[in-house]
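To start, the structure itself, in structure tokens.
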Amino acid sequence: MSEATVLVVEDEPDIAALYAGFLEERYDVTVAETAAEAMDVVDGTVDAVLLDRRLPDGSGDDVLEHIRENDLGCRVAMVTAVEPDFDIIGMGFDLYLTKPVSRANLLSALETLLTRDEYDDLLQEAAALASKRAVLKAQKPTAQLDGNEAFAELVDRLDDLDADMDAIAESLSTDDYRAMFRDIGEA
């Protein structure tokens with residue numbers, strides 16, 4: 001596989017430089033410091049985006065929407081200080097990382113994103129939904145989760161996807177399955 005292209009969207013120059021430093025040994029890295037710059041730079045050649053939600057000229061959510069509306073096909077991790085809430089359920093990202101993020105966690109997240117890029121649409125949906133479920137379960141009390149209709153729909157959709165993926169799972173070794181779907185196992 002050729003070197004992957006990663007777009008880091010981060011408005012704090014020191015943090016952007018730190019992330020780029022973590023990644024540039026393994027990946028082709030571009031940095032954007034504003035939402036407008038990110039939307040100008042991101043295209044079909046970008047494999048993964050590390051996206052802050054708070055940017056000086058708008059929201060990372062707008063950049064994410066631009067990426068999905070234009071069907072750019074890249075994987076997106078939100079890397080942000082914004083604590084997750086139920087609004088993440090409807091968002092089209094693949095992973096959600098809350099700052100501060102260590103070098104090891106950033107590299108692991110990027111490897112996960114690039115692996116997910118190889119999934120077909122069904123597997124991509126399951127992985128993204130499982131990540132959302134995992135982050136909400138880690139941040140919200142059970143009573144709040146049980147009373148939320150959007151969360152219940154997310155869990156139901158994951159159950160449906162799980163049934164659909166039985167045949168696919170049989171073709172993967174146990175280690176491959178665990179590595180690709182570590183969030184799905186979170187019940």
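Residues in the structure tokens are numbered from 1 in each chain, the chains being A, B, ... in the order shown, and ligands are numbered from 1 in the order shown.
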
Notebook entry, point to check: In segment 13-89 of chain A, what's strand (DSSP E) per DSSP? Answer as an NGL selection string?
Noted result: :A and (28-32 or 48-51 or 54-55 or 58-59 or 75-80)

Item checked: Spatial neighbours of segment 88-101 of chain A, max dist 9 Å, only C-alpha atoms, sep filter under 5 positions, as a PyMOL selection string -> chain A and resi 61+64-65+68+75-83+106+109+112-113+116+124-125+127-129+131-133+135-136+150-151+154

Notebook entry, point to check: Near Glu33 of chain A, within 7 Å and counting only C-alpha atoms, which residues show up once chain neighbours fewer than 6 positions away are dropped, as an MDAnalysis selection string?
Noted result: chainID A and resid 9:11

Keeping only all heavy atoms, write the selected residues as a PDB file, in the first residue's frame.
ATOM      1  N   VAL A   9      -6.853  18.900  10.748  1.00  0.00           N
ATOM      2  CA  VAL A   9      -7.559  20.177  10.818  1.00  0.00           C
ATOM      3  C   VAL A   9      -7.578  20.595  12.284  1.00  0.00           C
ATOM      4  O   VAL A   9      -8.320  20.042  13.102  1.00  0.00           O
ATOM      5  CB  VAL A   9      -8.995  20.071  10.260  1.00  0.00           C
ATOM      6  CG1 VAL A   9      -9.667  21.442  10.264  1.00  0.00           C
ATOM      7  CG2 VAL A   9      -8.985  19.465   8.864  1.00  0.00           C
ATOM      8  N   GLU A  10      -6.718  21.561  12.606  1.00  0.00           N
ATOM      9  CA  GLU A  10      -6.501  21.980  13.992  1.00  0.00           C
ATOM     10  C   GLU A  10      -6.103  23.450  14.002  1.00  0.00           C
ATOM     11  O   GLU A  10      -5.147  23.825  13.319  1.00  0.00           O
ATOM     12  CB  GLU A  10      -5.408  21.111  14.631  1.00  0.00           C
ATOM     13  CG  GLU A  10      -4.910  21.546  15.962  1.00  0.00           C
ATOM     14  CD  GLU A  10      -5.990  21.597  17.036  1.00  0.00           C
ATOM     15  OE1 GLU A  10      -6.637  20.555  17.274  1.00  0.00           O
ATOM     16  OE2 GLU A  10      -6.172  22.678  17.627  1.00  0.00           O
ATOM     17  N   ASP A  11      -6.836  24.277  14.773  1.00  0.00           N
ATOM     18  CA  ASP A  11      -6.566  25.709  14.772  1.00  0.00           C
ATOM     19  C   ASP A  11      -5.430  26.137  15.702  1.00  0.00           C
ATOM     20  O   ASP A  11      -4.918  27.239  15.573  1.00  0.00           O
ATOM     21  CB  ASP A  11      -7.830  26.497  15.102  1.00  0.00           C
ATOM     22  CG  ASP A  11      -8.336  26.238  16.505  1.00  0.00           C
ATOM     23  OD1 ASP A  11      -8.294  25.090  16.961  1.00  0.00           O
ATOM     24  OD2 ASP A  11      -8.791  27.201  17.157  1.00  0.00           O
TER      25      ASP A  11
END

Margin query: Based on the backbone DSSP call, show me all residues of segment 17-183 of chain A assigned alpha helix (DSSP H), as number ranges by chain.
Written below: A: 17-23, 35-41, 60-69, 103-116, 121-139, 142-146, 149-164, 166-170, 174-180

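Atom CA of Asp159 of chain A lies 16.2 Å from atom CA of Leu145 of chain A.
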